[in-house]
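data_25.tsv follows; it contains TSV, C-alpha atoms.
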```tsv
chain	number	residue	atom	x	y	z
K	1	MET	CA	20.83	142.87	202.94
K	2	THR	CA	23.39	140.46	201.40
K	3	VAL	CA	23.19	139.47	197.73
K	4	ILE	CA	25.27	136.72	196.17
K	5	LYS	CA	24.97	136.11	192.45
K	6	GLY	CA	26.94	134.18	189.87
K	7	GLU	CA	26.59	133.26	186.24
K	8	SER	CA	26.74	130.02	184.33
K	9	THR	CA	24.45	127.56	182.57
K	10	VAL	CA	21.81	125.10	183.70
K	11	THR	CA	21.76	121.60	182.36
K	12	GLY	CA	18.52	119.84	181.57
K	13	PRO	CA	15.05	121.31	181.10
K	14	PHE	CA	12.25	120.61	183.51
K	15	SER	CA	10.35	118.54	180.91
K	16	ALA	CA	9.93	118.12	177.17
K	17	ARG	CA	8.87	121.20	175.28
K	18	PRO	CA	5.09	121.26	174.76
K	19	SER	CA	3.71	121.31	171.24
K	20	ASP	CA	0.99	123.90	171.90
K	21	PRO	CA	1.63	127.55	170.99
K	22	GLY	CA	1.08	128.74	174.56
K	23	SER	CA	4.64	128.01	175.74
K	24	PRO	CA	6.23	130.54	178.13
K	25	ALA	CA	7.76	133.70	176.73
K	26	PRO	CA	11.56	134.13	177.03
K	27	GLY	CA	12.60	134.91	180.56
K	28	ARG	CA	9.10	134.36	181.91
K	29	PRO	CA	9.14	133.97	185.71
K	30	SER	CA	6.89	131.93	187.97
K	31	VAL	CA	3.53	130.63	186.71
K	32	PRO	CA	0.20	131.78	188.21
K	33	GLU	CA	-1.72	129.07	190.03
K	34	ASN	CA	-4.61	129.06	187.56
K	35	LEU	CA	-2.44	128.52	184.44
K	36	PRO	CA	-0.70	125.38	183.09
K	37	ASP	CA	2.83	124.78	184.33
K	38	PRO	CA	4.54	123.03	181.37
K	39	TRP	CA	8.11	123.45	182.65
K	40	GLY	CA	7.39	122.52	186.28
K	41	VAL	CA	8.35	126.00	187.47
K	42	ARG	CA	5.67	126.14	190.12
K	43	ARG	CA	6.66	122.72	191.44
K	44	ALA	CA	10.29	123.79	191.68
K	45	GLU	CA	9.41	127.02	193.49
K	46	ASN	CA	7.21	125.14	195.96
K	47	LEU	CA	10.07	122.74	196.60
K	48	LEU	CA	12.54	125.55	197.21
K	49	THR	CA	10.26	127.46	199.60
K	50	SER	CA	9.89	124.27	201.65
K	51	LEU	CA	13.61	124.31	202.44
K	52	GLU	CA	14.80	125.66	205.77
K	53	GLY	CA	15.41	129.41	205.85
K	54	ILE	CA	13.97	130.16	202.38
K	55	LEU	CA	11.16	132.71	202.44
K	56	SER	CA	10.41	132.93	198.72
K	57	ALA	CA	11.75	131.59	195.43
K	58	ARG	CA	11.44	132.69	191.82
K	59	VAL	CA	12.51	130.47	188.93
K	60	VAL	CA	13.03	131.97	185.45
K	61	THR	CA	13.16	129.71	182.38
K	62	THR	CA	14.12	130.01	178.73
K	63	PRO	CA	11.66	129.18	175.90
K	64	LEU	CA	13.16	125.67	175.88
K	65	GLY	CA	12.34	125.11	179.53
K	66	GLU	CA	15.89	125.50	180.81
K	67	VAL	CA	16.44	127.40	184.04
K	68	SER	CA	18.15	130.70	183.39
K	69	GLU	CA	17.92	132.22	186.88
K	70	ILE	CA	16.86	131.28	190.40
K	71	HIS	CA	16.22	134.11	192.84
K	72	ILE	CA	15.96	133.29	196.53
K	73	LEU	CA	14.97	135.42	199.51
K	74	ALA	CA	16.30	133.81	202.67
K	75	GLN	CA	16.42	134.56	206.36
K	76	SER	CA	19.64	135.71	207.90
K	77	GLY	CA	21.63	133.32	210.05
K	78	LEU	CA	22.26	130.68	207.38
K	79	ALA	CA	25.42	130.73	205.28
K	80	PRO	CA	24.58	131.63	201.65
K	81	LYS	CA	26.84	128.83	200.38
K	82	GLN	CA	24.94	126.30	202.47
K	83	ILE	CA	21.62	127.59	201.10
K	84	VAL	CA	22.95	127.17	197.55
K	85	ARG	CA	24.09	123.61	198.29
K	86	ASN	CA	20.67	122.79	199.77
K	87	ILE	CA	18.98	124.15	196.63
K	88	GLU	CA	21.23	122.13	194.32
K	89	SER	CA	20.67	118.94	196.30
K	90	ALA	CA	16.90	119.39	196.51
K	91	LEU	CA	16.46	120.08	192.78
K	92	LEU	CA	18.64	117.12	191.85
K	93	ALA	CA	17.06	114.68	194.29
K	94	GLN	CA	13.41	115.67	193.82
K	95	LEU	CA	13.25	116.80	190.18
K	96	GLY	CA	16.38	115.28	188.64
K	97	LEU	CA	17.51	118.79	187.72
K	98	LYS	CA	21.17	119.76	187.87
K	99	VAL	CA	21.64	123.51	188.25
K	100	ASP	CA	24.95	125.33	188.20
K	101	HIS	CA	25.38	127.05	191.56
K	102	ARG	CA	26.48	130.29	189.89
K	103	LYS	CA	23.00	130.69	188.45
K	104	ILE	CA	21.46	130.97	191.93
K	105	SER	CA	21.02	134.43	193.45
K	106	ILE	CA	20.61	134.65	197.23
K	107	ALA	CA	19.26	137.72	199.02
K	108	GLN	CA	19.11	137.67	202.80
K	109	THR	CA	17.00	139.88	205.00
K	110	ALA	CA	17.79	140.80	208.58
K	111	GLU	CA	14.36	139.91	209.98
K	112	VAL	CA	11.09	138.79	208.45
K	113	ARG	CA	8.13	138.35	210.75
K	114	PRO	CA	5.26	136.11	209.59
K	115	LEU	CA	2.07	137.90	208.64
K	116	GLU	CA	0.31	136.31	211.61
K	117	ALA	CA	2.88	137.80	213.98
K	118	VAL	CA	2.43	141.26	212.46
K	119	GLU	CA	-1.35	140.99	212.77
K	120	ASP	CA	-1.00	139.90	216.40
K	121	ALA	CA	1.24	142.86	217.14
K	122	VAL	CA	-1.23	145.29	215.54
K	123	ARG	CA	-4.12	143.71	217.46
K	124	GLU	CA	-2.16	143.88	220.73
K	125	ARG	CA	-1.34	147.53	220.10
K	126	ALA	CA	-4.99	148.32	219.39
K	127	LEU	CA	-6.03	146.72	222.67
K	128	HIS	CA	-3.62	149.03	224.50
K	129	ARG	CA	-4.63	152.30	222.88
K	130	ALA	CA	-4.49	155.24	225.23
K	131	VAL	CA	-8.20	155.67	226.00
K	132	LEU	CA	-11.14	153.49	224.95
K	133	PHE	CA	-14.82	154.38	224.70
K	134	GLU	CA	-16.99	152.19	226.92
K	135	ASN	CA	-20.48	153.65	227.21
K	136	LEU	CA	-22.70	156.72	226.80
K	137	GLN	CA	-26.01	157.18	228.60
K	138	VAL	CA	-28.53	160.00	228.22
K	139	SER	CA	-31.26	160.28	230.88
K	140	PRO	CA	-33.73	162.93	232.11
K	141	GLY	CA	-32.25	165.72	234.20
K	142	ARG	CA	-33.27	166.86	237.65
K	143	ARG	CA	-35.52	169.56	236.21
K	144	PRO	CA	-37.82	169.77	233.18
K	145	HIS	CA	-36.18	170.36	229.79
K	146	ARG	CA	-32.82	169.20	231.10
K	147	ILE	CA	-30.86	166.00	230.51
K	148	MET	CA	-28.09	164.07	232.25
K	149	ILE	CA	-25.25	162.67	230.13
K	150	THR	CA	-22.99	159.95	231.53
K	151	VAL	CA	-19.77	159.05	229.71
K	152	THR	CA	-17.66	156.00	230.58
K	153	LEU	CA	-14.12	155.53	229.28
K	154	SER	CA	-11.27	153.17	230.17
K	155	PHE	CA	-7.52	153.58	230.31
K	156	ARG	CA	-5.18	150.59	230.79
K	157	GLY	CA	-7.98	148.54	232.29
K	158	GLN	CA	-9.26	151.31	234.59
K	159	ARG	CA	-12.84	152.49	233.99
K	160	GLU	CA	-14.12	155.92	234.94
K	161	SER	CA	-17.46	157.70	234.45
K	162	ALA	CA	-18.57	161.31	234.67
K	163	ASP	CA	-21.99	162.99	234.61
K	164	GLU	CA	-22.86	166.32	233.07
K	165	GLU	CA	-26.28	167.98	233.15
K	166	SER	CA	-27.38	170.44	230.49
K	167	SER	CA	-30.41	172.00	228.86
K	168	ASP	CA	-32.07	169.86	226.20
K	169	THR	CA	-30.84	171.68	223.09
K	170	PRO	CA	-28.58	170.30	220.33
K	171	ARG	CA	-25.66	172.59	221.12
K	172	SER	CA	-25.90	172.07	224.88
K	173	ARG	CA	-26.08	168.30	224.48
K	174	VAL	CA	-22.88	168.28	222.42
K	175	GLU	CA	-21.10	170.53	224.90
K	176	ALA	CA	-22.25	168.42	227.86
K	177	ALA	CA	-21.12	165.15	226.27
K	178	ALA	CA	-17.74	166.65	225.41
K	179	LYS	CA	-17.33	168.10	228.89
K	180	ALA	CA	-18.19	164.74	230.50
K	181	ALA	CA	-15.66	162.96	228.28
K	182	VAL	CA	-12.96	165.51	229.12
K	183	THR	CA	-13.73	165.15	232.84
K	184	VAL	CA	-13.23	161.39	232.61
K	185	LEU	CA	-9.97	161.88	230.71
K	186	ASP	CA	-8.73	164.29	233.36
K	187	ARG	CA	-9.37	161.67	236.05
K	188	LEU	CA	-7.69	158.89	234.10
K	189	MET	CA	-4.58	160.89	233.15
K	190	THR	CA	-3.10	161.28	236.62
K	191	ASP	CA	0.17	162.85	235.44
K	192	HIS	CA	-1.41	165.24	232.94
K	193	SER	CA	-4.53	167.31	232.60
K	194	VAL	CA	-7.05	168.23	229.90
K	195	ALA	CA	-9.67	170.96	229.75
K	196	LEU	CA	-12.46	171.58	227.28
K	197	GLU	CA	-11.91	174.65	225.13
K	198	GLY	CA	-15.11	174.41	223.10
K	199	ALA	CA	-17.57	172.14	221.30
K	200	LYS	CA	-19.90	172.76	218.40
K	201	ILE	CA	-21.73	171.18	215.48
K	202	VAL	CA	-20.37	172.07	212.05
K	203	ASP	CA	-21.70	171.42	208.55
K	204	ALA	CA	-19.22	170.14	205.96
K	205	PHE	CA	-19.51	168.04	202.80
K	206	ASP	CA	-23.31	167.81	203.20
K	207	ARG	CA	-22.86	166.19	206.61
K	208	GLU	CA	-22.87	167.24	210.25
K	209	PHE	CA	-19.83	166.82	212.48
K	210	ALA	CA	-19.08	167.33	216.15
K	211	PHE	CA	-16.00	169.55	216.37
K	212	ILE	CA	-14.08	169.73	219.63
K	213	ALA	CA	-11.14	171.78	220.95
K	214	VAL	CA	-9.29	170.63	224.08
K	215	GLN	CA	-6.35	172.06	226.01
K	216	GLY	CA	-3.73	169.44	226.84
K	217	LEU	CA	-1.62	170.32	229.88
K	218	GLY	CA	1.57	168.43	230.67
K	219	GLY	CA	4.25	170.07	232.77
K	220	ARG	CA	5.11	173.35	231.10
K	221	GLU	CA	3.60	172.19	227.82
K	222	THR	CA	0.16	173.41	226.75
K	223	LEU	CA	-1.29	172.29	223.45
K	224	LEU	CA	-4.56	173.03	221.69
K	225	LEU	CA	-5.91	169.70	220.47
K	226	THR	CA	-8.76	169.45	218.01
K	227	GLY	CA	-10.85	166.53	216.84
K	228	SER	CA	-14.00	165.77	214.90
K	229	SER	CA	-16.47	162.96	214.35
K	230	GLN	CA	-19.37	162.63	211.94
K	231	ILE	CA	-22.76	162.61	213.63
K	232	LYS	CA	-24.37	159.24	212.90
K	233	GLU	CA	-26.09	157.66	215.88
K	234	SER	CA	-26.32	160.82	218.01
K	235	ALA	CA	-24.63	164.17	218.44
K	236	GLU	CA	-23.62	163.24	221.99
K	237	ARG	CA	-21.84	160.09	220.88
K	238	ALA	CA	-20.08	161.98	218.09
K	239	ALA	CA	-18.91	164.56	220.64
K	240	VAL	CA	-17.29	161.85	222.78
K	241	PHE	CA	-15.52	160.36	219.77
K	242	ALA	CA	-14.38	163.82	218.72
K	243	VAL	CA	-12.77	164.26	222.14
K	244	LEU	CA	-10.97	160.94	221.73
K	245	ASP	CA	-9.96	161.90	218.20
K	246	ALA	CA	-8.43	165.09	219.60
K	247	THR	CA	-6.63	163.54	222.56
K	248	ASN	CA	-5.73	159.91	221.87
K	249	ARG	CA	-2.40	160.64	220.18
K	250	TRP	CA	-1.52	163.13	222.89
K	251	THR	CA	-2.40	160.76	225.72
K	252	ASP	CA	-0.76	157.78	223.99
K	253	ALA	CA	2.52	159.69	223.67
K	254	ARG	CA	2.44	160.31	227.43
K	255	ARG	CA	1.51	156.81	228.40
K	256	PRO	CA	4.12	155.07	230.60
K	257	THR	CA	6.10	152.48	228.64
```
Write out the structure in this file as structure tokens.
Amino acid sequence: MTVIKGESTVTGPFSARPSDPGSPAPGRPSVPENLPDPWGVRRAENLLTSLEGILSARVVTTPLGEVSEIHILAQSGLAPKQIVRNIESALLAQLGLKVDHRKISIAQTAEVRPLEAVEDAVRERALHRAVLFENLQVSPGRRPHRIMITVTLSFRGQRESADEESSDTPRSRVEAAAKAAVTVLDRLMTDHSVALEGAKIVDAFDREFAFIAVQGLGGRETLLLTGSSQIKESAERAAVFAVLDATNRWTDARRPT
């Protein structure tokens, strides 16, 4: 970051001093939008931020309305002296204000991305997370008192499903859902492998959670991965999300760039 700062005086206030007692305090910076702007500070700052390469501007005035400091944050690539000349010209032409160039402080940043660009990047990254949940289906099993759980996940646009049959008990349902999710993961992760270590329901903080342990296998590396998810809609759904909680960072780190 480059900072250029000088010192001198500023000739001419923004406007006549108001007679009301609510005049700005010494050294007061920019004025909030919902308050009066007796010295025209807000107007000056809006003018400066409209200039090419200027990201933000802060104007500080004295109690008499004279400009004591102007602080500018600008993009890199423009010569600081040129930015100062643009500021002087704009203030003089638009507001009739002559400011000594040594009173203008310029700070330049290497790169500033607009908020919209940052949001787009975050959204794009979210759409390319390692593994995404697609669907969970619970249906009657082949025999009485048994159920069939089908879990569907996707990875980089590829969808896979796996079925797991179990007895119709809370613990078995959680284990079956977790095992089906791990089976799908193992199919999607062609260069690595995962295996279910265990699944159970735990009580914590007056709530129930599905707690999962998974073995992540990649080359010579073997890691025990754990994840949890609060049981809200169903224990089976929480088990699937617990598997993703345990494995998404691991799978994302091994995703091809």
- Task: Would you list the contacts of Leu217 (chain K) as a list of chain:residue names, taking every protein, DNA or RNA residue within 7 Å and counting only C-alpha atoms, but skipping same-chain residues closer than 4 positions in sequence?
- Result: K:His192, K:Ser193, K:Val194, K:Glu221, K:Thr222, K:Leu223
- From K:Asp100, K:Asp191, K:Asp206, K:Asp245, residue lying nearest Gly227 (chain K) [all atoms listed in the file]: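 Smallest distance to Gly227 (chain K) is found for K:Asp245.
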- Message: Just checking: using only C-alpha atoms, which residue out of K:Ile212, K:Ala90, K:Val67, K:Met148 ends up closest to Leu51 (chain K)?
- Response: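 Smallest separation from Leu51 (chain K) among the options: K:Ala90.
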- Go ahead and compute the interatomic distance for CA of Ala213 (chain K) and CA of Asp186 (chain K), in Å to one decimal. 14.7 Å
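Counting from CA of Leu225 (chain K), the distance to CA of Glu197 (chain K) is 9.1 Å.
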- Task: Could you tell me how far CA of Arg220 (chain K) lies from CA of Leu188 (chain K), in Å and to one decimal?
- Result: 19.5 Å
- Query: Which residue, K:Val138, K:Leu92, K:Ala176, K:Val131, has the smallest gap to Gln158 (chain K) when you use all atoms listed in the file?
  - Reply: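 Comparing K:Val138, K:Leu92, K:Ala176, K:Val131 against Gln158 (chain K), the winner is K:Val131.
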